[in-house]
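Student: Below you will find the structure I want to go over with you.
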Amino acid sequence: MTGQFYTMGVDVGGSYVKAVLVNYSDNPKIIDKHAEKIRKRNPADVAGELVNYILQNNGLQYEDIAYLASTGEGELVRRKKGHFYSMTTHSKGGEFLCPGVKTVVDMGALYVRAIKIGERARVLDYKMTGQCASGSGQFIENISRYLGLAIEEVGSVSLEADHPEVPSGICAVLAETDVINMVSRGITTPNIIKGIHLSIGGRIIKLMSALKAESPVMLAGGLAINKGMVQAIRELLKDTKYEFEIVTHPDAIYSGAIGAALWGGFRHVKLSKEQAVLV
Amino acid sequence: MSKEVVKEKSMVLQKEMLGKHFIELSRTHETGKKVVYTFVPGNLSELILAFGMLPVYPEINALQSGMRKKSGSFIREAEKMGHSEDVCTYVKCDIGMMLNGNIGPTGEKLPPPDLLLLSYTGCFTFMKWFESLERLYPGVPVAMLHTPYQENGEMTEEMTNYMVEQLKQEVIPKMEMVSGNKYDESKLAGILENSAKAEDLIVKIFSTTKNRPSPIDAYFAGVYYIGPINSGFRGTPEAVTYYEALYEEILERVRLGLGPITPEGEMEEERFRLVVEGPPNWTSFREFWKLFYDMGAVVVASSYTKVGGMHDLGFRHDPAQPLASLGKYCMNCYTNLNLPQRIDLLAKYITEYHADGFLVNSIKSCNSFSAGQLLMMRQLEERLGIPVSFIESDLVDPRYFSYSNIKNRLDSFFQMLDQRKIIKGQMEETTA
Ligand code: SF4
């Protein structure tokens with residue numbers, strides 16, 4: 001290891017750009033982190049602004065960052081040194097936040113992906129949900145908008161449910177129609193939201209079983225900070241034969257960005273050593 | 001990737017052939033040649049040629065409209081007429097094109113049909129499609145050829161006899177009536193001789209992908225290679241010349257150890273070898289292809305390029321038994337095979353062509369291909385233990401091509417392939 005240095009990881013997702021600043025060493029530390037909603041803007045611009053914001057916030061210049069790494073749709077990130085596959089970064093970030101995890105479930109805006117990981121966060125296998133939007137974070141966002149909820153409220157509102165109503169899990173369009181029906185039938189907002197969490201949760205459990213996931217299973221990605229979603233998965237698991245141990249972390253939304261920053265640090269050390277040999 | 005794109009002799013030949021064909025079609029009102037509308041899977045090109053008629057394949061027109069970014073408005077036009085969103089988009093594109101003056105892909109007007117030859121192979125939509133065309137062209141005779149599905153995974157003698165009887169009693173009499181020519185078996189046999197030659201060459205061409213690097217992409221470039229046999233030229237001397245030239249060019253690539261040519265030049269490093277199931281997306285064809293060649297992914301075999309015939313399983317048109325071989329040909333096309341047959345075939349491709357992974361492009365429109373694809377994928381994953389992936393798009397409806405969704409899935413897939421290679425390499429190192 002060659003002392004300490006800064007690395008930055010930028011994860012461009014379907015809905016948010018996430019960035020973290022890491023003080024890289026044998027014992028890396030997260031110094032700063034931010035997530036910014038894309039909102040119909042050019043993701044490359046949002047990523048650029050976020051990088052500048054974090055630099056300014058910490059009194060740093062671009063040159064102070066030994067390695068700026070991107071992941072996700074991060075091929076768009078300007079001034080990056082390298083790009084990493086998103087499964088690799090989520091595994092690395094997941095393992096950093098919850099050491100010892102064997103499966104990372106990346107629950108994003110467009111899809112959910114369960115990744116089985118081995119030693120040193122190596123990706124061993126994966127399974128992804130189908131293309132239909134009803135299994136994704138974007139779907140929850142659409143429904144919450146329809147119900148007049150801010151996305152941040154969705155998790156806690158879901159925890160208030162007493163008789164959740166589960167919509168059709170087959171198709172986003174049908175599920176949206178179901179929700180409209182529920183509203184007109186007077187079903188309460190918490191029960192509708194919880195029902196949606198249960199429907200998505202059911203799909204996620206199917207995904208884990210198809211992958212033959214091993215515990216502990218870490219829930220990561222944007223949906224993992226939604227307490228209602230995590231709770232729904234835990235409840236559903238009680239009624240199944242699966243005994244997955246579910247863990248998560250308040251910074252789970254940053255797992256990709258953290259993984260990118262850590263891989264960036266690793267690559268920087270490697271490159272420095274190679275250069276030293278050349279000298 | 002090297003940027004230089006050279007027009008090969010075969011490309012020029014293909015362009016000339018197609019150009020000539022569409023000009024001929026646009027002049028039928030002067031030449032008096034009769035026009036047969038028919039379908040690609042299990043098509044009877046040779047029989048049509050034997051009667052001196054010209055074929056029109058609506059699927060080919062639809063895919064060409066898709067590539068030329070015209071299909072979106074044609075589809076909307078057909079939907080306005082009442083065709084549902086769920087109807088196959090080839091059908092809607094075709095109907096939309098007809099409603100818009102029936103201007104073909106080369107800009108020439110296509111003539112109306114003199115005969116609708118419904119060679120019903122594997123897809124129920126064909127019937128509904130021609131019911132719509134019958135309404136658009138009232139009074140045009142329809143010849144129906146019902147091809148039995150290989151439900152039990154075989155073609156029996158009874159099935160072949162059934163096909164021959166239909167040809168004799170339904171198809172040939174209608175063709176004689178429309179063309180004014182008598183059925184001439186020796187003329188048909190002569191045409192079939194050329195078909196068999198072209199088929200021999202096609203088989204050789206698609207087996208060159210067993211080389212490393214593969215000299216061609218059997219899917220994205222493969223769809224161009226199957227153009228002539230699927231669009232009415234099978235049985236012509238021009239098709240034989242085209243495939244001879246193409247084969248020569250590919251052999252030269254093998255000799256030089258070159259990889260496939262892409263729209264951005266030559267692929268320099270072959271990183272992943274794939275087998276792909278399902279038709280491609282036509283509206284974003286280039287963008288779709290780029291997602292693969294940018295990653296060094298080459299398709300070494302695909303089921304879609306077998307939609308016009310399973311020649312690699314040994315079938316050839318046979319001048320010694322013209323009608324029976326036409327019948328067998330129809331029953332032999334990929335979408336007329338049952339699911340276990342398709343799975344066995346794909347497993348054979350994956351093994352023989354040393355593929356690293358298997359990918360399904362599931363087409364929203366096409367039941368004939370899409371039904372059972374998930375099951376096929378799971379079985380292949382279990383049987384062969386290779387990484388598999390599933391993406392969804394459509395043939396010619398631009399609304400169903402979601403770039404980010406497809407890219408996300410392909411990224412994960414390629415990463416898995418990469419990882420497997422690393423693990424395999426390490427295992428080989430430790431066992432060495
Ligand atoms: S459903 Fe498929 S096979 Fe049938 S007509 Fe449409 S594209 Fe062709």
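Identifiers in the structure tokens: chain A, B, ... in order shown; residue index from 1 per chain; ligand index from 1 in order shown.
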What's around Arg286 of chain B at 9 Å? Count only C-alpha atoms, leave out sequence neighbours fewer than 4 positions away in its own chain, and write the answer as a list in words.

Tutor: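 Near neighbours after the sequence-gap exclusion: Met67, Phe220, Pro263, Trp282, Lys290 and Leu291 of chain B.
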
Student: Please dump the current selection as a PDB file, in the first residue's frame; keep N, CA and C atoms.

Tutor:
```
ATOM      1  N   MET B  67     -35.790  -0.558 -40.997  1.00  0.00           N
ATOM      2  CA  MET B  67     -34.411  -0.074 -41.063  1.00  0.00           C
ATOM      3  C   MET B  67     -34.352   1.345 -41.608  1.00  0.00           C
ATOM      4  N   PHE B 220     -25.863 -10.401 -36.943  1.00  0.00           N
ATOM      5  CA  PHE B 220     -26.000  -9.049 -37.477  1.00  0.00           C
ATOM      6  C   PHE B 220     -25.589  -8.968 -38.950  1.00  0.00           C
ATOM      7  N   PRO B 263     -20.244  -2.130 -38.959  1.00  0.00           N
ATOM      8  CA  PRO B 263     -20.435  -0.837 -39.632  1.00  0.00           C
ATOM      9  C   PRO B 263     -19.311   0.156 -39.356  1.00  0.00           C
ATOM     10  N   TRP B 282     -35.158  -4.191 -35.848  1.00  0.00           N
ATOM     11  CA  TRP B 282     -34.755  -3.544 -37.103  1.00  0.00           C
ATOM     12  C   TRP B 282     -34.707  -2.022 -37.001  1.00  0.00           C
ATOM     13  N   LYS B 290     -24.082  -2.292 -32.367  1.00  0.00           N
ATOM     14  CA  LYS B 290     -22.949  -1.607 -31.731  1.00  0.00           C
ATOM     15  C   LYS B 290     -22.772  -2.047 -30.273  1.00  0.00           C
ATOM     16  N   LEU B 291     -23.891  -2.304 -29.604  1.00  0.00           N
ATOM     17  CA  LEU B 291     -23.804  -2.756 -28.208  1.00  0.00           C
ATOM     18  C   LEU B 291     -22.991  -4.045 -28.111  1.00  0.00           C
TER      19      LEU B 291
END
```

Student: Counting only C-alpha atoms, give me one row per residue of chain A with an atom at most 9 Å from an atom of chain B, showing the shortest contact pair and its distance in Å to one decimal, sorted by chain then residue number, as a Markdown table.

Tutor:
```
| residue | atom | partner | partner_atom | distance |
| --- | --- | --- | --- | --- |
| A:Gly14 | CA | B:Ser404 | CA | 8.2 |
| A:Gly72 | CA | B:Asn408 | CA | 8.1 |
| A:Glu73 | CA | B:Asn408 | CA | 8.3 |
| A:Tyr85 | CA | B:Gln415 | CA | 6.7 |
| A:Ser86 | CA | B:Ser412 | CA | 7.6 |
| A:Met87 | CA | B:Ser412 | CA | 6.7 |
| A:Thr88 | CA | B:Gln415 | CA | 8.3 |
| A:Leu110 | CA | B:Asn405 | CA | 7.3 |
| A:Tyr111 | CA | B:Asn405 | CA | 8.3 |
| A:Arg122 | CA | B:Gln419 | CA | 8.2 |
| A:Val123 | CA | B:Gln419 | CA | 6.9 |
| A:Leu124 | CA | B:Gln419 | CA | 7.3 |
| A:Asp125 | CA | B:Met416 | CA | 6.8 |
| A:Tyr126 | CA | B:Met416 | CA | 7.7 |
| A:Lys127 | CA | B:Ser389 | CA | 8.7 |
| A:Met128 | CA | B:Arg409 | CA | 7.8 |
| A:Gly130 | CA | B:Phe390 | CA | 8.0 |
| A:Gln131 | CA | B:Asn405 | CA | 7.0 |
```

Student: Produce a file of the selected residues containing N, CA and C atoms, as a compact mmCIF listing (two decimals), in the first residue's frame.

Tutor:
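Produced file part.txt, reproduced below:
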```txt
# COMPACT_ATOMS: atom_id res chain seq x y z
N GLY A 14 -30.50 4.96 -13.31
CA GLY A 14 -31.61 5.32 -14.16
C GLY A 14 -32.32 6.56 -13.66
N GLY A 72 -22.13 2.08 -13.63
CA GLY A 72 -23.50 2.25 -14.15
C GLY A 72 -23.43 2.82 -15.55
N GLU A 73 -24.23 3.87 -15.79
CA GLU A 73 -24.18 4.55 -17.09
C GLU A 73 -23.02 5.55 -17.09
N TYR A 85 -17.57 -2.19 -14.35
CA TYR A 85 -18.88 -2.83 -14.50
C TYR A 85 -19.69 -2.64 -13.23
N SER A 86 -20.98 -2.43 -13.36
CA SER A 86 -21.76 -2.10 -12.16
C SER A 86 -21.94 -3.29 -11.22
N MET A 87 -21.91 -4.52 -11.75
CA MET A 87 -22.05 -5.64 -10.80
C MET A 87 -20.82 -5.73 -9.90
N THR A 88 -19.65 -5.44 -10.48
CA THR A 88 -18.41 -5.48 -9.70
C THR A 88 -18.44 -4.42 -8.62
N LEU A 110 -34.67 0.98 -12.69
CA LEU A 110 -35.18 0.30 -13.88
C LEU A 110 -35.28 -1.21 -13.71
N TYR A 111 -34.57 -1.78 -12.77
CA TYR A 111 -34.55 -3.24 -12.62
C TYR A 111 -34.01 -3.62 -11.26
N ARG A 122 -15.84 -10.98 -5.52
CA ARG A 122 -15.88 -11.40 -6.93
C ARG A 122 -17.31 -11.85 -7.32
N VAL A 123 -17.75 -11.41 -8.50
CA VAL A 123 -19.10 -11.78 -8.96
C VAL A 123 -19.10 -13.24 -9.43
N LEU A 124 -19.98 -14.05 -8.85
CA LEU A 124 -20.02 -15.46 -9.26
C LEU A 124 -21.18 -15.75 -10.20
N ASP A 125 -22.31 -15.11 -9.95
CA ASP A 125 -23.49 -15.35 -10.78
C ASP A 125 -24.48 -14.21 -10.54
N TYR A 126 -25.48 -14.10 -11.40
CA TYR A 126 -26.48 -13.05 -11.19
C TYR A 126 -27.80 -13.43 -11.83
N LYS A 127 -28.85 -12.77 -11.39
CA LYS A 127 -30.16 -12.89 -12.04
C LYS A 127 -30.80 -11.50 -12.02
N MET A 128 -31.55 -11.23 -13.08
CA MET A 128 -32.16 -9.90 -13.19
C MET A 128 -33.66 -10.02 -13.38
N GLY A 130 -37.33 -9.12 -15.14
CA GLY A 130 -37.68 -8.88 -16.54
C GLY A 130 -37.76 -7.38 -16.81
N GLN A 131 -38.06 -7.07 -18.07
CA GLN A 131 -38.02 -5.67 -18.47
C GLN A 131 -39.19 -4.86 -17.91
```

Student: Counting only C-alpha atoms and all ligand atoms, what residues are within 9 Å of ligand 1, given as a list in words?

Tutor: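 Every residue with an atom at most 9 Å from ligand 1 is listed here: Phe39, Val40, Pro41, Glu59, Val87, Cys88, Thr89, Tyr90, Val91, Thr121, Gly122, Cys123, Phe124, Thr125, Phe126, Met127, Trp129, Pro279, Thr335, Ile363, Lys364, Ser365, Cys366, Asn367, Ser368, Phe369, Ser370 and Leu395 of chain B.
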
Student: Could you write those residues out with N, CA, C and O atoms, as a CSV table (one decimal), in the first residue's frame?

Tutor:
```csv
chain,number,residue,atom,x,y,z
B,39,PHE,N,-45.1,-15.6,-47.9
B,39,PHE,CA,-44.3,-15.3,-46.7
B,39,PHE,C,-42.9,-16.0,-46.7
B,39,PHE,O,-42.7,-17.0,-47.4
B,40,VAL,N,-42.0,-15.5,-45.9
B,40,VAL,CA,-40.6,-16.1,-45.9
B,40,VAL,C,-40.5,-17.5,-45.4
B,40,VAL,O,-40.0,-18.4,-46.0
B,41,PRO,N,-41.0,-17.8,-44.1
B,41,PRO,CA,-40.8,-19.1,-43.6
B,41,PRO,C,-41.5,-20.2,-44.5
B,41,PRO,O,-42.7,-20.0,-44.8
B,59,GLU,N,-42.9,-9.5,-45.2
B,59,GLU,CA,-42.0,-9.3,-44.0
B,59,GLU,C,-40.7,-8.6,-44.4
B,59,GLU,O,-40.2,-7.8,-43.7
B,87,VAL,N,-51.2,-6.7,-32.2
B,87,VAL,CA,-51.0,-7.4,-33.4
B,87,VAL,C,-49.5,-7.3,-33.9
B,87,VAL,O,-48.9,-6.3,-33.7
B,88,CYS,N,-49.0,-8.3,-34.5
B,88,CYS,CA,-47.7,-8.4,-35.0
B,88,CYS,C,-47.4,-7.1,-35.8
B,88,CYS,O,-48.1,-6.7,-36.7
B,89,THR,N,-46.2,-6.5,-35.5
B,89,THR,CA,-46.0,-5.2,-36.1
B,89,THR,C,-45.5,-5.3,-37.6
B,89,THR,O,-45.6,-4.4,-38.3
B,90,TYR,N,-45.1,-6.5,-38.0
B,90,TYR,CA,-44.8,-6.7,-39.4
B,90,TYR,C,-46.1,-6.5,-40.2
B,90,TYR,O,-46.2,-5.9,-41.2
B,91,VAL,N,-47.2,-7.1,-39.7
B,91,VAL,CA,-48.5,-7.0,-40.3
B,91,VAL,C,-48.9,-5.5,-40.4
B,91,VAL,O,-49.3,-5.0,-41.5
B,121,THR,N,-46.9,-21.5,-42.2
B,121,THR,CA,-45.9,-22.3,-41.5
B,121,THR,C,-45.6,-21.7,-40.2
B,121,THR,O,-45.0,-20.7,-40.0
B,122,GLY,N,-46.0,-22.5,-39.2
B,122,GLY,CA,-45.7,-22.2,-37.8
B,122,GLY,C,-46.3,-20.9,-37.2
B,122,GLY,O,-46.2,-20.7,-36.0
B,123,CYS,N,-46.9,-20.1,-37.9
B,123,CYS,CA,-47.5,-18.8,-37.3
B,123,CYS,C,-48.9,-18.6,-37.8
B,123,CYS,O,-49.2,-18.4,-39.0
B,124,PHE,N,-49.8,-18.5,-36.8
B,124,PHE,CA,-51.2,-18.3,-37.0
B,124,PHE,C,-51.5,-16.9,-37.6
B,124,PHE,O,-52.4,-16.7,-38.3
B,125,THR,N,-50.6,-15.9,-37.3
B,125,THR,CA,-50.7,-14.6,-37.7
B,125,THR,C,-50.8,-14.5,-39.2
B,125,THR,O,-51.5,-13.6,-39.8
B,126,PHE,N,-50.1,-15.4,-39.9
B,126,PHE,CA,-50.1,-15.4,-41.4
B,126,PHE,C,-51.5,-15.4,-41.9
B,126,PHE,O,-51.8,-14.7,-42.9
B,127,MET,N,-52.4,-16.2,-41.3
B,127,MET,CA,-53.8,-16.3,-41.8
B,127,MET,C,-54.5,-15.0,-41.7
B,127,MET,O,-55.1,-14.5,-42.6
B,129,TRP,N,-53.2,-12.1,-41.4
B,129,TRP,CA,-52.5,-11.1,-42.3
B,129,TRP,C,-53.1,-11.1,-43.7
B,129,TRP,O,-53.5,-10.1,-44.2
B,279,PRO,N,-35.4,-13.1,-33.6
B,279,PRO,CA,-35.1,-12.1,-34.6
B,279,PRO,C,-34.4,-10.8,-34.0
B,279,PRO,O,-34.6,-10.6,-32.8
B,335,THR,N,-39.2,-22.1,-37.2
B,335,THR,CA,-40.4,-21.9,-36.4
B,335,THR,C,-41.4,-23.0,-36.5
B,335,THR,O,-42.5,-23.0,-35.8
B,363,ILE,N,-39.1,-11.0,-29.0
B,363,ILE,CA,-39.8,-10.0,-29.8
B,363,ILE,C,-41.2,-9.9,-29.4
B,363,ILE,O,-41.9,-10.9,-29.4
B,364,LYS,N,-41.6,-8.7,-29.0
B,364,LYS,CA,-43.0,-8.6,-28.5
B,364,LYS,C,-44.0,-9.0,-29.5
B,364,LYS,O,-45.0,-9.7,-29.2
B,365,SER,N,-43.7,-8.7,-30.7
B,365,SER,CA,-44.7,-9.0,-31.8
B,365,SER,C,-44.9,-10.5,-32.1
B,365,SER,O,-45.9,-10.9,-32.5
B,366,CYS,N,-43.8,-11.2,-32.0
B,366,CYS,CA,-43.7,-12.5,-32.7
B,366,CYS,C,-43.9,-13.7,-31.8
B,366,CYS,O,-43.0,-14.2,-31.1
B,367,ASN,N,-45.2,-14.2,-31.7
B,367,ASN,CA,-45.5,-15.4,-30.9
B,367,ASN,C,-44.8,-16.6,-31.4
B,367,ASN,O,-44.4,-17.5,-30.6
B,368,SER,N,-44.6,-16.7,-32.7
B,368,SER,CA,-44.0,-17.8,-33.3
B,368,SER,C,-42.6,-18.1,-32.7
B,368,SER,O,-42.2,-19.2,-32.6
B,369,PHE,N,-41.9,-17.0,-32.5
B,369,PHE,CA,-40.5,-17.1,-31.9
B,369,PHE,C,-40.6,-17.1,-30.4
B,369,PHE,O,-39.9,-17.9,-29.7
B,370,SER,N,-41.4,-16.1,-29.9
B,370,SER,CA,-41.2,-15.9,-28.4
B,370,SER,C,-41.8,-16.9,-27.5
B,370,SER,O,-41.3,-17.1,-26.4
B,395,LEU,N,-39.7,-6.1,-33.5
B,395,LEU,CA,-39.2,-6.1,-34.9
B,395,LEU,C,-39.1,-4.7,-35.5
B,395,LEU,O,-38.0,-4.2,-35.8
```

Student: Could you pull out all residues of segment 54-279 of chain A with a DSSP call of helix (DSSP H, G or I) and give them as number ranges by chain?

Tutor: A: 54-57, 62-64, 74-76, 86-97, 119-121, 133-135, 137-146, 151-159, 172-184, 189-211, 222-225, 227-238, 252-278

Student: Within 9 Å of Asp94 of chain B, counting only C-alpha atoms, which residues qualify if same-chain residues fewer than 6 places away don't, as a ChimeraX atom specification?

Tutor: /B:58-59,61-62,65,71,74-75,78,102

Student: As a count of residues only, please: the residues near Glu381 of chain B (cut-off 12 Å, only C-alpha atoms, same-chain neighbours under 5 positions excluded).

Tutor: 18

Student: List as a list in words the protein and nucleic acid residues near segment 198-205 of chain B, meaning an atom at most 8 Å away when only C-alpha atoms are counted, but skip any in the same chain fewer than 6 places from it.

Tutor: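 Final neighbour list, sorted by chain and number: Ile229, Arg234, Gly235, Ala239, Val240, Tyr243, Glu244, Leu246, Tyr247, Ile250, His311, Asp312 and Arg316 of chain B.
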
Student: Please provide the set of residues having any atom within 8 Å of Tyr16 of chain A, restricted to only C-alpha atoms, with same-chain residues fewer than 5 positions apart removed, written as a list in words.

Tutor: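 Residues near the query, excluding close chain neighbours: Ala35, Glu36, Lys37 and Ile38 of chain A.
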
Student: Quick one: everything within 12 Å of Gly148 of chain A, counting only C-alpha atoms, minus sequence neighbours fewer than 5 positions away in the same chain. Send it as a VMD selection string.

Tutor: chain A and resid 141 to 143 153 to 154 157 183 189 193

Student: From the options B:Tyr329, B:Tyr37, B:Tyr162, B:Phe51, which residue's atoms come nearest to Leu117 of chain B, counting only C-alpha atoms?

Tutor: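 Looking at the shortest contact to Leu117 of chain B, the residue is B:Tyr37.
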
Student: Could you check the closest approach to Leu323 of chain B for each of B:Arg378, B:Lys168, B:Lys187, B:Arg253 and tell me which residue wins, using only C-alpha atoms?

Tutor: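 Ranking B:Arg378, B:Lys168, B:Lys187, B:Arg253 by distance to Leu323 of chain B, first place goes to B:Lys168.
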
Student: What does the distance from atom CA of Gln321 of chain B to atom CA of His21 of chain B come to in Å, to one decimal?

Tutor: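 Between atom CA of Gln321 of chain B and atom CA of His21 of chain B the gap is 28.2 Å.
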